[in-house]
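Okay, start36.txt now, which holds compact mmCIF, C-alpha atoms:
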# COMPACT_ATOMS: atom_id res chain seq x y z
CA THR A 187 74.82 29.01 54.13
CA VAL A 188 72.58 32.04 53.80
CA ARG A 189 70.08 30.84 56.43
CA THR A 190 72.89 30.62 58.98
CA VAL A 191 74.49 33.97 58.14
CA LEU A 192 71.09 35.68 58.39
CA ARG A 193 71.08 35.03 62.14
CA ASP A 194 73.45 37.95 62.70
CA HIS A 195 73.72 39.92 59.47
CA LYS A 196 71.87 41.67 56.70
CA VAL A 197 72.67 39.57 53.62
CA TYR A 198 72.90 40.58 49.97
CA ILE A 199 73.19 37.74 47.45
CA THR A 200 74.69 37.88 43.99
CA ASP A 201 73.18 35.06 41.96
CA TRP A 202 73.25 33.57 38.49
CA VAL A 203 70.58 33.69 35.83
CA ASP A 204 70.40 30.34 34.05
CA ALA A 205 72.18 30.95 30.74
CA ARG A 206 69.62 28.89 28.81
CA MET A 207 66.99 31.45 29.84
CA VAL A 208 68.94 34.46 28.51
CA PRO A 209 68.37 35.32 24.81
CA ALA A 210 71.53 35.10 22.73
CA ALA A 211 70.91 38.70 21.63
CA ALA A 212 71.72 39.83 25.19
CA GLY A 213 75.39 39.14 24.43
CA THR A 214 78.14 37.10 26.01
CA PHE A 215 79.17 36.80 29.66
CA GLY A 216 82.82 36.09 30.43
CA LEU A 217 85.09 36.19 33.46
CA ASP A 218 85.86 39.90 32.95
CA ASP A 219 82.11 40.62 32.97
CA TYR A 220 81.74 38.72 36.24
CA ILE A 221 84.51 40.80 37.82
CA ALA A 222 82.89 44.02 36.60
CA TYR A 223 79.58 42.92 38.17
CA VAL A 224 81.25 42.19 41.51
CA GLU A 225 82.74 45.70 41.48
CA ALA A 226 79.32 47.16 40.64
CA PHE A 227 77.65 45.22 43.48
CA ILE A 228 80.25 46.46 45.98
CA ARG A 229 79.79 50.08 44.88
CA HIS A 230 76.00 49.78 44.90
CA ILE A 231 75.78 48.28 48.40
CA GLY A 232 78.60 50.50 49.69
CA ALA A 233 82.03 49.21 50.66
CA ALA A 234 82.18 51.30 53.85
CA SER A 235 80.10 48.83 55.88
CA LEU A 236 80.34 45.74 53.69
CA HIS A 237 81.81 42.30 54.43
CA VAL A 238 82.15 39.99 51.42
CA ILE A 239 81.95 36.20 51.66
CA SER A 240 82.93 34.16 48.60
CA VAL A 241 82.61 30.38 48.43
CA CYS A 242 84.59 28.25 45.97
CA GLN A 243 84.50 29.57 42.38
CA PRO A 244 83.87 33.29 43.10
CA THR A 245 86.92 33.66 45.36
CA VAL A 246 89.03 34.37 42.28
CA PRO A 247 86.86 37.06 40.63
CA VAL A 248 86.14 38.62 44.05
CA LEU A 249 89.86 38.93 44.81
CA ALA A 250 90.41 40.36 41.33
CA ALA A 251 87.58 42.88 41.69
CA VAL A 252 88.72 44.14 45.11
CA SER A 253 92.35 44.29 43.91
CA LEU A 254 91.38 46.46 40.94
CA MET A 255 89.24 48.74 43.12
CA ALA A 256 92.06 49.14 45.64
CA ALA A 257 94.56 49.97 42.90
CA ARG A 258 92.26 52.75 41.67
CA GLY A 259 91.95 54.19 45.16
CA GLU A 260 88.31 53.14 45.61
CA ASP A 261 86.87 52.05 48.94
CA THR A 262 87.13 48.31 49.54
CA PRO A 263 85.03 46.07 51.84
CA ARG A 264 85.85 45.93 55.54
CA SER A 265 86.59 42.23 55.27
CA LEU A 266 86.93 39.46 52.70
CA THR A 267 86.13 35.86 53.67
CA MET A 268 87.26 33.33 51.09
CA MET A 269 86.21 29.71 51.49
CA GLY A 270 87.44 26.67 49.55
CA GLY A 271 88.46 28.52 46.39
CA PRO A 272 91.17 28.01 43.72
CA ILE A 273 93.29 31.10 44.39
CA ASP A 274 96.39 29.07 43.47
CA PRO A 275 95.40 25.69 41.96
CA ARG A 276 99.07 24.70 41.69
CA ARG A 277 99.04 23.90 45.41
CA ASN A 278 97.94 20.39 46.34
CA PRO A 279 96.14 19.81 43.02
CA THR A 280 92.95 17.72 43.00
CA SER A 281 91.37 15.65 40.25
CA VAL A 282 89.53 18.80 39.15
CA ASN A 283 92.85 20.63 38.74
CA ASN A 284 94.51 17.67 37.03
CA LEU A 285 91.77 17.46 34.40
CA ALA A 286 92.27 21.12 33.53
CA THR A 287 96.05 20.77 33.14
CA THR A 288 96.08 17.48 31.22
CA GLN A 289 93.58 18.52 28.53
CA PRO A 290 93.94 21.46 26.11
CA LEU A 291 91.29 24.17 26.00
CA SER A 292 90.10 22.72 22.67
CA TRP A 293 89.15 19.50 24.50
CA PHE A 294 86.78 21.41 26.80
CA LYS A 295 85.30 23.29 23.84
CA GLY A 296 84.68 20.05 21.98
CA ASN A 297 83.43 17.89 24.85
CA VAL A 298 81.48 19.97 27.38
CA ILE A 299 80.23 23.01 25.45
CA HIS A 300 76.80 22.63 23.84
CA THR A 301 74.23 24.89 22.20
CA VAL A 302 70.94 25.68 23.95
CA PRO A 303 68.09 23.97 22.04
CA PRO A 304 65.18 25.86 20.42
CA ASN A 305 62.66 25.29 23.25
CA TYR A 306 64.45 27.76 25.57
CA PRO A 307 64.71 31.58 25.38
CA GLY A 308 68.51 31.29 25.09
CA HIS A 309 68.41 28.98 22.08
CA GLY A 310 71.61 29.24 20.06
CA ARG A 311 73.72 30.33 23.03
CA GLU A 312 76.77 28.20 23.84
CA VAL A 313 76.79 26.87 27.41
CA TYR A 314 78.34 24.36 29.76
CA PRO A 315 75.11 22.47 30.55
CA GLY A 316 74.06 21.91 34.13
CA PHE A 317 73.41 18.21 33.61
CA LEU A 318 77.07 17.72 32.62
CA GLN A 319 78.28 19.64 35.66
CA HIS A 320 76.08 17.44 37.85
CA ALA A 321 77.33 14.23 36.23
CA GLY A 322 80.91 15.34 36.77
CA PHE A 323 80.43 15.96 40.47
CA ILE A 324 78.63 12.63 40.96
CA ALA A 325 81.43 10.84 39.10
CA MET A 326 84.02 12.23 41.53
CA ASN A 327 82.51 10.29 44.46
CA PRO A 328 80.05 7.71 43.13
CA GLY A 329 80.42 5.42 46.16
CA ARG A 330 79.60 8.20 48.58
CA HIS A 331 76.43 9.13 46.71
CA LEU A 332 75.38 5.49 46.40
CA ASN A 333 75.80 4.98 50.15
CA SER A 334 73.90 8.19 50.85
CA HIS A 335 70.92 7.03 48.79
CA TRP A 336 71.03 3.57 50.39
CA ASP A 337 70.97 5.19 53.84
CA PHE A 338 68.03 7.32 52.69
CA TYR A 339 66.16 4.15 51.67
CA GLN A 340 66.91 2.54 55.04
CA ASP A 341 65.73 5.68 56.88
CA LEU A 342 62.41 5.47 55.04
CA LEU A 343 62.02 1.80 55.94
CA ARG A 344 62.69 2.57 59.61
CA GLY A 345 60.43 5.56 59.59
CA ASP A 346 63.31 7.90 60.46
CA LEU A 347 61.72 10.86 58.72
CA ASP A 348 64.04 13.52 60.15
CA ASP A 349 67.16 11.98 58.58
CA ALA A 350 65.24 11.28 55.38
CA GLU A 351 64.18 14.92 55.18
CA SER A 352 67.80 16.05 55.69
CA HIS A 353 68.78 13.85 52.73
CA ARG A 354 66.02 15.35 50.57
CA LYS A 355 67.03 18.91 51.42
CA PHE A 356 70.68 18.28 50.64
CA TYR A 357 70.00 16.69 47.26
CA ASP A 358 67.38 19.27 46.36
CA GLU A 359 70.22 21.79 46.49
CA TYR A 360 72.93 19.47 45.14
CA ASN A 361 70.81 18.63 42.09
CA ALA A 362 69.75 22.24 41.42
CA VAL A 363 72.10 22.97 38.53
CA LEU A 364 71.90 25.49 35.72
CA ASP A 365 73.64 26.13 32.41
CA MET A 366 76.77 28.29 32.58
CA PRO A 367 77.82 30.68 29.78
CA ALA A 368 80.53 29.03 27.69
CA GLU A 369 82.67 32.18 27.70
CA PHE A 370 82.81 32.31 31.48
CA TYR A 371 83.58 28.61 31.84
CA LEU A 372 86.33 28.58 29.20
CA ASP A 373 87.85 31.83 30.53
CA THR A 374 88.01 30.25 34.00
CA ILE A 375 89.57 27.02 32.73
CA GLU A 376 92.22 28.90 30.77
CA LYS A 377 93.12 31.78 33.09
CA VAL A 378 92.58 30.18 36.52
CA PHE A 379 93.31 26.48 36.06
CA GLN A 380 95.72 26.36 33.12
CA GLN A 381 97.70 29.61 33.07
CA PHE A 382 97.49 30.40 36.82
CA LEU A 383 97.52 34.12 35.98
CA LEU A 384 96.42 35.34 39.43
CA PRO A 385 99.15 33.74 41.58
CA ARG A 386 101.76 34.42 38.88
CA GLY A 387 100.91 38.15 38.90
CA LEU A 388 100.20 38.17 35.17
CA TRP A 389 96.44 38.73 35.05
CA ASP A 390 95.13 41.74 33.12
CA VAL A 391 91.42 42.55 33.22
CA ALA A 392 90.19 45.11 30.69
CA GLY A 393 93.74 46.46 30.41
CA GLU A 394 94.34 46.70 34.19
CA ARG A 395 96.77 44.43 36.03
CA VAL A 396 95.29 42.51 38.97
CA ASN A 397 97.55 43.19 41.96
CA PRO A 398 96.22 41.89 45.29
CA ALA A 399 99.10 43.65 47.07
CA ALA A 400 97.17 46.88 46.39
CA ILE A 401 94.63 45.85 49.05
CA THR A 402 95.55 47.48 52.35
CA ARG A 403 92.35 48.24 54.27
CA SER A 404 90.27 45.06 53.97
CA ALA A 405 90.74 42.29 56.54
CA LEU A 406 91.23 38.80 55.09
CA LEU A 407 89.94 35.45 56.35
CA THR A 408 90.56 32.22 54.43
CA ILE A 409 88.87 28.92 55.26
CA GLU A 410 89.69 25.48 53.90
CA GLY A 411 88.48 21.93 54.49
CA GLU A 412 91.12 19.40 55.47
CA LEU A 413 89.60 16.82 53.11
CA ASP A 414 88.52 19.12 50.28
CA ASP A 415 88.76 17.18 47.01
CA ILE A 416 87.73 20.13 44.81
CA SER A 417 89.94 22.99 46.05
CA GLY A 418 92.90 21.31 47.71
CA LEU A 419 94.35 22.34 51.04
CA GLY A 420 96.53 25.42 50.57
CA GLN A 421 94.86 26.76 47.43
CA THR A 422 92.75 29.32 49.30
CA GLU A 423 95.43 30.09 51.88
CA ALA A 424 97.55 31.34 48.97
CA ALA A 425 95.54 34.58 49.12
CA HIS A 426 97.64 35.64 52.11
CA ASP A 427 100.85 35.54 50.08
CA LEU A 428 99.22 37.63 47.35
CA CYS A 429 97.62 40.16 49.73
CA SER A 430 100.99 41.04 51.21
CA SER A 431 100.04 44.62 52.13
CA ILE A 432 97.31 43.60 54.56
CA PRO A 433 98.86 43.68 58.06
CA ALA A 434 99.24 40.28 59.72
CA ARG A 435 96.96 41.36 62.58
CA ARG A 436 94.16 41.81 60.03
CA ARG A 437 94.52 38.35 58.47
CA ALA A 438 93.54 34.85 59.60
CA HIS A 439 93.45 31.36 58.14
CA LYS A 440 91.35 28.41 59.32
CA ALA A 441 91.74 24.78 58.23
CA ILE A 442 88.65 22.83 59.30
CA GLU A 443 89.58 19.36 60.50
CA GLY A 444 87.63 16.53 58.92
CA ALA A 445 85.71 18.81 56.54
CA GLY A 446 85.32 18.21 52.84
CA HIS A 447 84.38 20.86 50.30
CA TYR A 448 80.69 21.12 51.14
CA GLY A 449 81.29 20.74 54.86
CA ILE A 450 82.85 24.18 55.18
CA PHE A 451 79.68 25.97 54.07
CA SER A 452 76.79 23.58 54.71
CA GLY A 453 75.63 21.10 57.31
CA ARG A 454 76.33 20.78 61.02
CA ARG A 455 80.08 21.41 60.81
CA TRP A 456 79.42 24.70 58.99
CA ARG A 457 76.79 25.80 61.50
CA GLU A 458 78.63 24.78 64.66
CA THR A 459 82.33 25.12 63.79
CA VAL A 460 82.91 27.31 60.75
CA TYR A 461 80.23 29.97 60.99
CA PRO A 462 81.06 31.09 64.54
CA GLN A 463 84.61 31.82 63.37
CA VAL A 464 83.33 33.76 60.35
CA ARG A 465 80.91 35.73 62.56
CA ASP A 466 83.60 36.58 65.11
CA PHE A 467 86.05 37.68 62.41
CA ILE A 468 83.45 39.99 60.89
CA ARG A 469 82.63 41.47 64.29
CA LYS A 470 86.30 42.04 65.02
CA PHE A 471 86.72 44.14 61.90
CA ASP A 472 83.30 45.72 61.69
CA HIS A 473 84.82 49.17 61.77
CA ALA A 474 86.64 51.25 59.20
CA ALA A 475 90.37 50.51 58.92
CA LYS A 476 92.72 53.39 59.56
Could the structure of this file be written out as structure tokens, please?
Amino acid sequence: TVRTVLRDHKVYITDWVDARMVPAAAGTFGLDDYIAYVEAFIRHIGAASLHVISVCQPTVPVLAAVSLMAARGEDTPRSLTMMGGPIDPRRNPTSVNNLATTQPLSWFKGNVIHTVPPNYPGHGREVYPGFLQHAGFIAMNPGRHLNSHWDFYQDLLRGDLDDAESHRKFYDEYNAVLDMPAEFYLDTIEKVFQQFLLPRGLWDVAGERVNPAAITRSALLTIEGELDDISGLGQTEAAHDLCSSIPARRRAHKAIEGAGHYGIFSGRRWRETVYPQVRDFIRKFDHAAK
């Protein structure tokens, strides 16, 4: 994703620190903290010439952060591009959404939250371990992954090293997981996937109500994959209903035919179909809104 965007833009990346590497004494990290960090990043870089792209999970905290900034009268980014995210998980729910709504929060606490062992700096911290996240994603499409590895084996036998290298690169990234702070994970399950606070207009962050209708100056682009089995079709598009004060001429929605979740931000379809639309949207609104 980043390699492609770098062709035409200066790119700033907000990234995670693996929670198992953070001493427990450093404190907790929840969804409200994430939102506060997004706000701080926007202020530090400068909203006046900034375009924000959020992929999957961060679409929700990014929309919350920009909504809160707009409500306070702060500058907001020139454009927001939201891709494959659970803005309203009630729309076209997937197996990911169904798991969250059929199990109580106590089930997630008891089954997927573990304590970092003593051989890491973050020992004693509660986390959602990366290996469990990875197992969950593999379990969603085991046949697809099995076929992919069989094709990889066949490519090696045939000496098709280019395709084999593409496989290696994809799984090097796909397998690169890290531990997530338990507070952030459980906050997200409860507020995003169980209570649907954002689309219901009932989300308060540090005593402030999240109101996307406060956003007036940022342009909005939403992108979804037709075959997305993580954030179903329509979940990201819901941002347009919430951001009702952004003029229609400053909003756009793209549904990418034949694309799954990863296809909208990686691979050939991303490079050749999705990215040009993102680039053109950013260029169109690369000026301050009146």
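Considering the residues A:Gly232, A:Pro247, A:Glu376, A:Phe215 and counting only C-alpha atoms, Lys295 in chain A has its shortest atom-to-atom contact with A:Glu376.
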Near range 329-343 of chain A, counting all atoms listed in the file, which residues have an atom at most 7 Å away, once you skip same-chain residues fewer than 6 positions from it, shown as a list in words? Asp349, Ala350 and His353 of chain A
With range 435-457 of chain A as the partner and 12 Å as the cut-off, tabulate the residues of range 281-355 of chain A that qualify, each row holding the nearest pair of atoms and their distance in Å to one decimal, using all atoms listed in the file, sorted by chain and rising number, as CSV.
residue,atom,partner,partner_atom,distance
A:Phe323,CA,A:His447,CA,11.7
A:Asn327,CA,A:Gly446,CA,11.9
A:Ser352,CA,A:Gly453,CA,9.5
A:His353,CA,A:Gly453,CA,11.0
A:Lys355,CA,A:Gly453,CA,10.7
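Non-sequential neighbours of range 464-466 of chain A (distance at most 10 Å, separation of 6 or more positions within a chain, only C-alpha atoms) are A:Val191, A:Arg193, A:Asp194, A:His195, A:Ile239, A:Thr267, A:Leu407, A:Thr408, A:Ile409, A:Lys440, A:Trp456, A:Asp472.
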State, in Å with one decimal place, the distance from CA of Asp365 in chain A to CA of Tyr306 in chain A. 11.6 Å
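CA of Pro367 in chain A is positioned 9.1 Å from CA of Ile299 in chain A.
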One residue among A:Val241, A:Leu236, A:His426, A:Ala368 is nearest to Thr301 in chain A when using only C-alpha atoms, and that residue is A:Ala368
Selection: 10 Å around Ala424 in chain A, only C-alpha atoms, excl. self and same-chain fewer than 4 positions, as a count of residues only: 13
Find the spatial neighbours of Arg395 in chain A, counting only C-alpha atoms, within a cut-off of 12 Å - ignore same-chain residues fewer than 5 positions away - and output them as a PyMOL selection string. chain A and resi 250-251+253-258+383-384+386-390+400
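One distance worth recording is that between CA of Ser431 in chain A and CA of Gly270 in chain A, which is 22.1 Å.
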Pick from A:Gly296, A:Gly308, A:Pro244, A:Gly316: nearest to Leu372 in chain A, with only C-alpha atoms counted? A:Gly296
